[in-house]
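The file entry.cif contains mmCIF, C-alpha atoms:
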```
data_target
#
loop_
_atom_site.label_atom_id
_atom_site.label_comp_id
_atom_site.auth_asym_id
_atom_site.auth_seq_id
_atom_site.Cartn_x
_atom_site.Cartn_y
_atom_site.Cartn_z
CA MET A 168 283.41 30.77 205.09
CA ALA A 169 282.46 30.08 208.70
CA VAL A 170 286.12 29.52 209.59
CA ALA A 171 287.20 32.78 207.94
CA ALA A 172 284.40 34.68 209.68
CA ARG A 173 285.41 33.15 212.99
CA LEU A 174 289.00 34.25 212.53
CA ARG A 175 288.01 37.76 211.45
CA SER A 176 285.59 38.14 214.35
CA ALA A 177 288.19 37.03 216.85
CA GLY A 178 290.71 39.37 215.26
CA ALA A 179 288.36 42.30 215.62
CA ARG A 180 287.79 41.51 219.28
CA LEU A 181 291.54 41.28 219.81
CA VAL A 182 291.95 44.81 218.48
CA VAL A 183 289.00 46.76 219.86
CA GLY A 184 287.81 44.82 222.88
CA PRO A 185 288.96 45.10 226.49
CA ALA A 186 291.28 42.11 225.97
CA ALA A 187 293.41 44.28 223.69
CA MET A 188 294.97 45.82 226.77
CA ALA A 189 296.35 42.42 227.75
CA VAL A 190 298.44 42.11 224.61
CA GLY A 191 299.02 45.79 223.82
CA ARG A 192 301.48 48.39 224.98
CA GLY A 193 300.87 51.30 227.30
CA GLY A 194 298.41 54.03 226.44
CA GLY A 195 295.72 51.65 225.18
CA GLU A 196 297.43 50.89 221.87
CA GLY A 197 296.38 47.33 221.08
CA ARG A 198 298.37 44.97 218.86
CA TRP A 199 296.47 43.45 216.00
CA MET A 200 296.50 39.98 214.48
CA GLY A 201 297.56 41.22 211.05
CA THR A 202 294.56 41.08 208.73
CA ALA A 203 292.88 43.63 206.51
CA THR A 204 289.69 43.17 208.51
CA ALA A 205 291.47 43.88 211.77
CA GLU A 206 293.04 46.99 210.25
CA ALA A 207 289.61 48.30 209.25
CA ALA A 208 288.18 47.48 212.66
CA GLY A 209 290.98 49.37 214.39
CA ALA A 210 290.58 52.38 212.12
CA ALA A 211 286.86 52.49 212.89
CA ALA A 212 287.64 52.33 216.61
CA GLY A 213 290.03 55.25 216.35
CA ILE A 214 293.23 53.33 217.08
CA ALA A 215 295.97 55.55 215.70
CA ARG A 216 298.93 53.21 215.80
CA TRP A 217 299.24 49.65 214.53
CA GLU A 218 301.84 47.00 215.11
CA PRO A 219 301.75 43.53 213.56
CA MET A 220 301.66 40.70 216.04
CA GLY A 221 304.94 38.80 216.34
CA ALA A 222 305.25 35.40 214.71
CA ARG A 223 305.23 33.49 217.99
CA GLU A 224 302.21 35.40 219.27
CA TYR A 225 300.39 34.82 216.01
CA TYR A 226 301.01 31.06 216.06
CA ASP A 227 299.81 30.90 219.65
CA TYR A 228 296.70 32.80 218.58
CA ARG A 229 296.02 30.41 215.69
CA ARG A 230 296.54 27.43 217.99
CA ALA A 231 293.91 28.84 220.33
CA ILE A 232 291.46 29.11 217.41
CA TYR A 233 292.21 25.90 215.49
CA GLY A 234 294.24 23.69 217.80
CA ASP A 235 297.33 21.88 216.52
CA ILE A 236 296.82 21.66 212.75
CA THR A 237 299.38 20.15 210.42
CA HIS A 238 299.72 22.10 207.19
CA LYS A 239 298.60 20.07 204.21
CA ALA A 240 299.18 22.71 201.54
CA ILE A 241 301.54 25.54 200.71
CA LEU A 242 300.40 28.54 198.66
CA VAL A 243 303.01 30.86 197.18
CA ASP A 244 302.92 34.29 195.59
CA ALA A 245 304.50 34.63 192.14
CA ALA A 246 306.23 37.98 191.49
CA GLY A 247 308.47 38.96 194.39
CA THR A 248 308.40 35.58 196.12
CA LEU A 249 308.71 32.73 193.65
CA LEU A 250 309.92 34.90 190.77
CA ALA A 251 311.84 38.16 190.36
CA PRO A 252 312.79 40.23 187.29
CA THR A 253 316.30 39.52 186.02
CA GLU A 254 316.89 43.26 185.49
CA PRO A 255 315.38 46.34 187.17
CA MET A 256 312.11 47.36 185.55
CA ALA A 257 313.20 50.96 184.90
CA GLN A 258 316.37 49.76 183.19
CA VAL A 259 314.37 47.51 180.85
CA TYR A 260 311.82 50.24 180.08
CA ARG A 261 314.62 52.67 179.23
CA THR A 262 316.82 50.25 177.28
CA ILE A 263 314.03 49.01 175.04
CA GLY A 264 312.48 52.47 174.87
CA GLU A 265 315.56 54.33 173.60
CA LYS A 266 314.83 53.39 169.99
CA TYR A 267 311.26 54.67 170.45
CA GLY A 268 312.35 58.05 171.78
CA VAL A 269 312.13 57.42 175.53
CA ASN A 270 314.57 59.84 177.16
CA TYR A 271 313.58 59.75 180.84
CA SER A 272 316.23 58.57 183.27
CA GLU A 273 315.75 55.29 185.12
CA ASP A 274 315.03 57.22 188.31
CA GLU A 275 312.33 59.26 186.55
CA ILE A 276 310.78 56.13 185.04
CA LEU A 277 310.71 54.42 188.42
CA MET A 278 309.13 57.45 190.10
CA ARG A 279 306.47 57.77 187.40
CA TYR A 280 305.83 54.00 187.45
CA ARG A 281 305.23 53.99 191.21
CA ARG A 282 302.92 56.97 190.96
CA ALA A 283 300.87 55.42 188.13
CA TYR A 284 300.70 52.01 189.79
CA ALA A 285 299.53 53.48 193.10
CA GLN A 286 296.59 55.30 191.53
CA PRO A 287 293.16 53.62 191.37
CA TRP A 288 292.54 51.87 188.06
CA GLY A 289 289.23 53.33 186.95
CA ARG A 290 288.47 51.19 183.90
CA SER A 291 287.45 48.11 185.90
CA ARG A 292 287.48 46.81 189.47
CA LEU A 293 290.43 44.58 188.53
CA ARG A 294 293.81 45.69 187.24
CA TYR A 295 294.48 42.44 185.45
CA VAL A 296 291.57 41.52 183.20
CA ASP A 297 292.40 38.70 180.78
CA ASP A 298 295.82 39.57 179.28
CA GLY A 299 295.99 42.87 181.17
CA ARG A 300 296.95 44.89 178.12
CA PRO A 301 294.84 48.03 178.82
CA PHE A 302 296.26 48.32 182.34
CA TRP A 303 299.87 47.76 181.27
CA GLN A 304 299.53 50.17 178.33
CA HIS A 305 298.50 52.82 180.85
CA ILE A 306 301.43 51.98 183.14
CA VAL A 307 304.01 51.98 180.34
CA SER A 308 302.85 55.25 178.77
CA SER A 309 302.59 56.91 182.20
CA SER A 310 306.06 55.71 183.19
CA THR A 311 307.89 56.62 179.99
CA GLY A 312 305.79 59.25 178.24
CA CYS A 313 305.74 56.98 175.18
CA SER A 314 302.44 55.67 173.78
CA ASP A 315 303.95 53.86 170.79
CA LEU A 316 302.08 50.54 170.51
CA GLN A 317 305.08 48.79 168.99
CA TYR A 318 307.16 49.80 172.01
CA PHE A 319 304.46 48.53 174.35
CA GLU A 320 304.20 45.20 172.54
CA GLU A 321 307.95 44.66 172.67
CA LEU A 322 307.94 45.28 176.43
CA TYR A 323 304.82 43.18 176.96
CA GLN A 324 306.23 40.21 175.06
CA TYR A 325 309.60 40.51 176.81
CA TYR A 326 307.95 39.97 180.20
CA THR A 327 306.36 36.77 178.90
CA THR A 328 309.76 35.15 178.36
CA ALA A 329 312.07 33.25 180.69
CA LYS A 330 314.78 35.80 179.88
CA ALA A 331 312.90 38.44 181.88
CA TRP A 332 312.53 36.41 185.08
CA ARG A 333 314.54 34.32 187.53
CA LEU A 334 313.70 32.20 190.54
CA CYS A 335 314.08 34.06 193.84
CA ASP A 336 315.41 30.89 195.45
CA PRO A 337 317.62 28.56 193.38
CA ASP A 338 316.66 25.68 195.70
CA ALA A 339 312.94 26.10 195.03
CA LYS A 340 312.85 23.20 192.54
CA TYR A 341 314.13 20.67 195.04
CA VAL A 342 311.92 21.95 197.86
CA PHE A 343 308.65 21.91 195.91
CA GLU A 344 309.39 18.52 194.39
CA ALA A 345 310.14 17.12 197.86
CA LEU A 346 306.98 18.67 199.30
CA ARG A 347 304.80 17.15 196.59
CA LYS A 348 306.49 13.79 197.02
CA ALA A 349 305.66 14.03 200.74
CA GLY A 350 301.98 14.59 199.93
CA VAL A 351 301.86 18.35 200.50
CA LYS A 352 299.61 20.15 198.00
CA THR A 353 301.10 23.22 196.31
CA ALA A 354 299.61 26.20 194.49
CA VAL A 355 300.55 29.61 193.13
CA VAL A 356 298.27 32.47 194.23
CA SER A 357 299.00 35.65 192.31
CA ASN A 358 297.68 39.00 191.15
CA PHE A 359 298.72 38.54 187.54
CA ASP A 360 297.32 38.53 184.03
CA THR A 361 296.94 35.48 181.81
CA ARG A 362 300.66 35.45 180.95
CA LEU A 363 301.41 33.72 184.26
CA ARG A 364 300.73 30.14 183.15
CA PRO A 365 302.86 30.32 179.99
CA LEU A 366 305.55 32.10 182.02
CA LEU A 367 305.66 29.27 184.58
CA GLN A 368 305.91 26.82 181.67
CA ALA A 369 308.75 28.83 180.10
CA LEU A 370 310.62 28.72 183.42
CA ASN A 371 309.95 24.97 183.64
CA CYS A 372 308.34 25.24 187.06
CA ASP A 373 304.64 24.80 186.25
CA HIS A 374 304.83 21.09 187.17
CA TRP A 375 305.85 21.97 190.74
CA PHE A 376 302.28 23.04 191.48
CA ASP A 377 298.96 21.25 191.74
CA ALA A 378 297.00 24.43 191.02
CA VAL A 379 297.34 28.06 189.98
CA ALA A 380 294.92 30.73 191.25
CA VAL A 381 295.61 33.79 189.12
CA SER A 382 293.51 36.91 189.61
CA ALA A 383 292.80 37.40 185.90
CA GLU A 384 291.13 33.98 185.80
CA VAL A 385 289.25 33.93 189.11
CA ALA A 386 288.17 37.59 188.74
CA VAL A 387 289.33 38.69 192.18
CA GLU A 388 292.61 40.15 193.43
CA LYS A 389 294.51 39.92 196.69
CA PRO A 390 293.99 40.96 199.46
CA ASN A 391 290.42 39.77 198.83
CA PRO A 392 290.30 36.44 200.71
CA THR A 393 288.26 34.84 197.91
CA ILE A 394 291.37 34.16 195.82
CA PHE A 395 292.92 32.20 198.69
CA LEU A 396 289.69 30.30 199.28
CA LYS A 397 289.64 29.45 195.55
CA ALA A 398 293.18 28.09 195.78
CA CYS A 399 292.23 25.91 198.75
CA GLU A 400 289.16 24.72 196.85
CA PHE A 401 291.35 23.79 193.88
CA LEU A 402 293.63 21.79 196.20
CA GLY A 403 290.85 20.17 198.20
CA VAL A 404 292.03 21.48 201.59
CA LYS A 405 290.49 23.64 204.29
CA PRO A 406 291.89 27.19 204.58
CA GLU A 407 293.30 26.51 208.05
CA GLU A 408 295.26 23.58 206.59
CA ALA A 409 297.15 25.86 204.19
CA VAL A 410 300.00 28.31 204.66
CA HIS A 411 300.62 31.13 202.19
CA ILE A 412 304.02 32.71 201.54
CA GLY A 413 304.26 36.13 199.91
CA ASP A 414 306.24 39.35 199.99
CA ASP A 415 303.43 41.89 200.40
CA ARG A 416 302.14 42.46 203.93
CA ARG A 417 298.69 43.64 202.87
CA ASN A 418 298.03 41.47 199.82
CA ASP A 419 299.66 38.28 201.03
CA LEU A 420 299.87 38.25 204.82
CA TRP A 421 296.61 39.99 205.67
CA GLY A 422 294.64 38.62 202.73
CA ALA A 423 295.57 35.01 203.48
CA ARG A 424 294.82 35.43 207.19
CA ASP A 425 291.42 36.92 206.39
CA ALA A 426 290.71 33.71 204.44
CA GLY A 427 291.63 31.63 207.50
CA CYS A 428 294.98 30.46 206.12
CA ASP A 429 298.26 30.65 207.96
CA ALA A 430 300.65 33.15 206.35
CA TRP A 431 304.36 33.95 206.34
CA LEU A 432 305.97 37.09 204.97
CA TRP A 433 308.78 36.45 202.49
CA GLY A 434 311.95 38.24 203.60
CA SER A 435 310.77 38.42 207.22
CA ASP A 436 309.21 35.17 208.43
CA VAL A 437 310.67 33.13 205.57
CA TYR A 438 313.97 33.79 203.82
CA SER A 439 314.30 30.70 201.66
CA PHE A 440 312.36 27.67 200.44
CA LYS A 441 315.39 25.58 201.28
CA GLU A 442 314.38 22.26 202.73
CA LYS A 443 315.73 20.86 205.97
CA GLY A 444 314.60 17.26 206.20
CA SER A 445 310.81 17.32 206.18
CA GLU A 446 310.61 20.83 207.64
CA LEU A 447 310.30 24.33 206.17
CA ARG A 448 312.59 26.69 208.03
CA CYS A 449 311.09 29.92 209.35
CA LYS A 450 312.49 32.86 211.24
CA GLU A 451 311.02 31.89 214.61
CA SER A 452 309.71 28.35 214.29
CA PHE A 453 309.79 25.09 212.39
CA VAL A 454 306.58 23.77 210.90
CA ARG A 455 306.59 19.99 210.37
CA TRP A 456 305.05 18.76 207.16
CA VAL A 457 303.23 15.52 206.51
CA THR A 458 305.77 12.77 205.68
#
```
Re-express the file's structure as structure tokens.
Amino acid sequence: MAVAARLRSAGARLVVGPAAMAVGRGGGEGRWMGTATAEAAGAAAGIARWEPMGAREYYDYRRAIYGDITHKAILVDAAGTLLAPTEPMAQVYRTIGEKYGVNYSEDEILMRYRRAYAQPWGRSRLRYVDDGRPFWQHIVSSSTGCSDLQYFEELYQYYTTAKAWRLCDPDAKYVFEALRKAGVKTAVVSNFDTRLRPLLQALNCDHWFDAVAVSAEVAVEKPNPTIFLKACEFLGVKPEEAVHIGDDRRNDLWGARDAGCDAWLWGSDVYSFKEKGSELRCKESFVRWVT
């Protein structure tokens, strides 16, 4: 925890201290290191505009804190990074729901889904508790106007099958197998219910990973840094020795950085898991793995 606190403290100083002027733009608008803690610190200081630090600047910043550290572990988000639905959610909700009387258009379902998902979940501090059924029942009924339990169960079971999901990167199998062979530890870190493990098994990719840190099991959700610290604990590495890849800036990028991990944003810093020799290709740099 000392490492994470050190990183957060330095991040706060970068945002609100006099040094912010050295890395900011005109008018006193500092650039932040990209963590949830830094965001809160800036808001408290009355900074109205925020810009994430560029990849090169961020790596220079980490080097100043930790020195030259070789990554020993890769953490990866599940939905949106490792996995993606095979069909649009609204299309599935409508197609399965037609026989249960669902008559909203796909656009209406999507709009209602986003609205319901964005609202605070008042029944517990976690969305995904155990199998997540209460939360998903609320989302499905709010999205479609249908509270039929048989409809919900059909949808729920569908998203447990390999038919409902695909790999975001078809080369992922070869990359993760090569990384593990090279001695790099691997883990999934995901806000998900207890269907994640059987889903990874159904997709035949569970053996790519040394550990799985799923929010429903560790009782904490991203961007809380605890879930990343748990993953590092499972792998036996220090947070600064791990890099996390995910598609959500707040949950993945900021949460991992608050834990002291390195972090890359899928679709921005990282576009593919595709391996090039013993290196993982990034937008602005190459990070050499242990070989």
Original post:
So how far away is atom CA of Arg416 of chain A from atom CA of Leu432 of chain A, in Å?
Top reply: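 About the pair atom CA of Leu432 of chain A and atom CA of Arg416 of chain A: they are 6.7 Å apart.
Contact shell of segment 293-303 of chain A at 9 Å (all atoms listed in the file; same-chain neighbours under 5 positions omitted): Pro287, Trp288, Ser308, Phe319, Tyr323, Asn358, Phe359, Asp360, Thr361, Arg362, Ser382, Ala383, Glu384, Ala386, Val387 and Glu388 of chain A.
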With 9 Å as the cut-off and only C-alpha atoms counted, what is the closest atom pair between each nearby residue of segment 302-352 of chain A and segment 251-265 of chain A? Distances in Å to one decimal, ordered by chain and number, as JSON lines.
```
{"residue": "A:Val307", "atom": "CA", "partner": "A:Tyr260", "partner_atom": "CA", "distance": 8.0}
{"residue": "A:Ser310", "atom": "CA", "partner": "A:Tyr260", "partner_atom": "CA", "distance": 8.5}
{"residue": "A:Thr311", "atom": "CA", "partner": "A:Tyr260", "partner_atom": "CA", "distance": 7.5}
{"residue": "A:Cys313", "atom": "CA", "partner": "A:Gly264", "partner_atom": "CA", "distance": 8.1}
{"residue": "A:Tyr318", "atom": "CA", "partner": "A:Gly264", "partner_atom": "CA", "distance": 6.6}
{"residue": "A:Phe319", "atom": "CA", "partner": "A:Gly264", "partner_atom": "CA", "distance": 9.0}
{"residue": "A:Glu321", "atom": "CA", "partner": "A:Ile263", "partner_atom": "CA", "distance": 7.8}
{"residue": "A:Leu322", "atom": "CA", "partner": "A:Ile263", "partner_atom": "CA", "distance": 7.3}
{"residue": "A:Tyr326", "atom": "CA", "partner": "A:Pro252", "partner_atom": "CA", "distance": 8.6}
{"residue": "A:Lys330", "atom": "CA", "partner": "A:Thr253", "partner_atom": "CA", "distance": 7.3}
{"residue": "A:Ala331", "atom": "CA", "partner": "A:Thr253", "partner_atom": "CA", "distance": 5.5}
{"residue": "A:Trp332", "atom": "CA", "partner": "A:Pro252", "partner_atom": "CA", "distance": 4.4}
{"residue": "A:Arg333", "atom": "CA", "partner": "A:Ala251", "partner_atom": "CA", "distance": 5.5}
{"residue": "A:Leu334", "atom": "CA", "partner": "A:Ala251", "partner_atom": "CA", "distance": 6.2}
{"residue": "A:Cys335", "atom": "CA", "partner": "A:Ala251", "partner_atom": "CA", "distance": 5.8}
```
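Closest approach to Ala380 of chain A among A:Gly289, A:Gly247, A:Pro337, A:Pro392: A:Pro392, based on all atoms listed in the file.
Across the structure, atom CA of Tyr438 of chain A and atom CA of Ile394 of chain A are spaced 24.0 Å apart.
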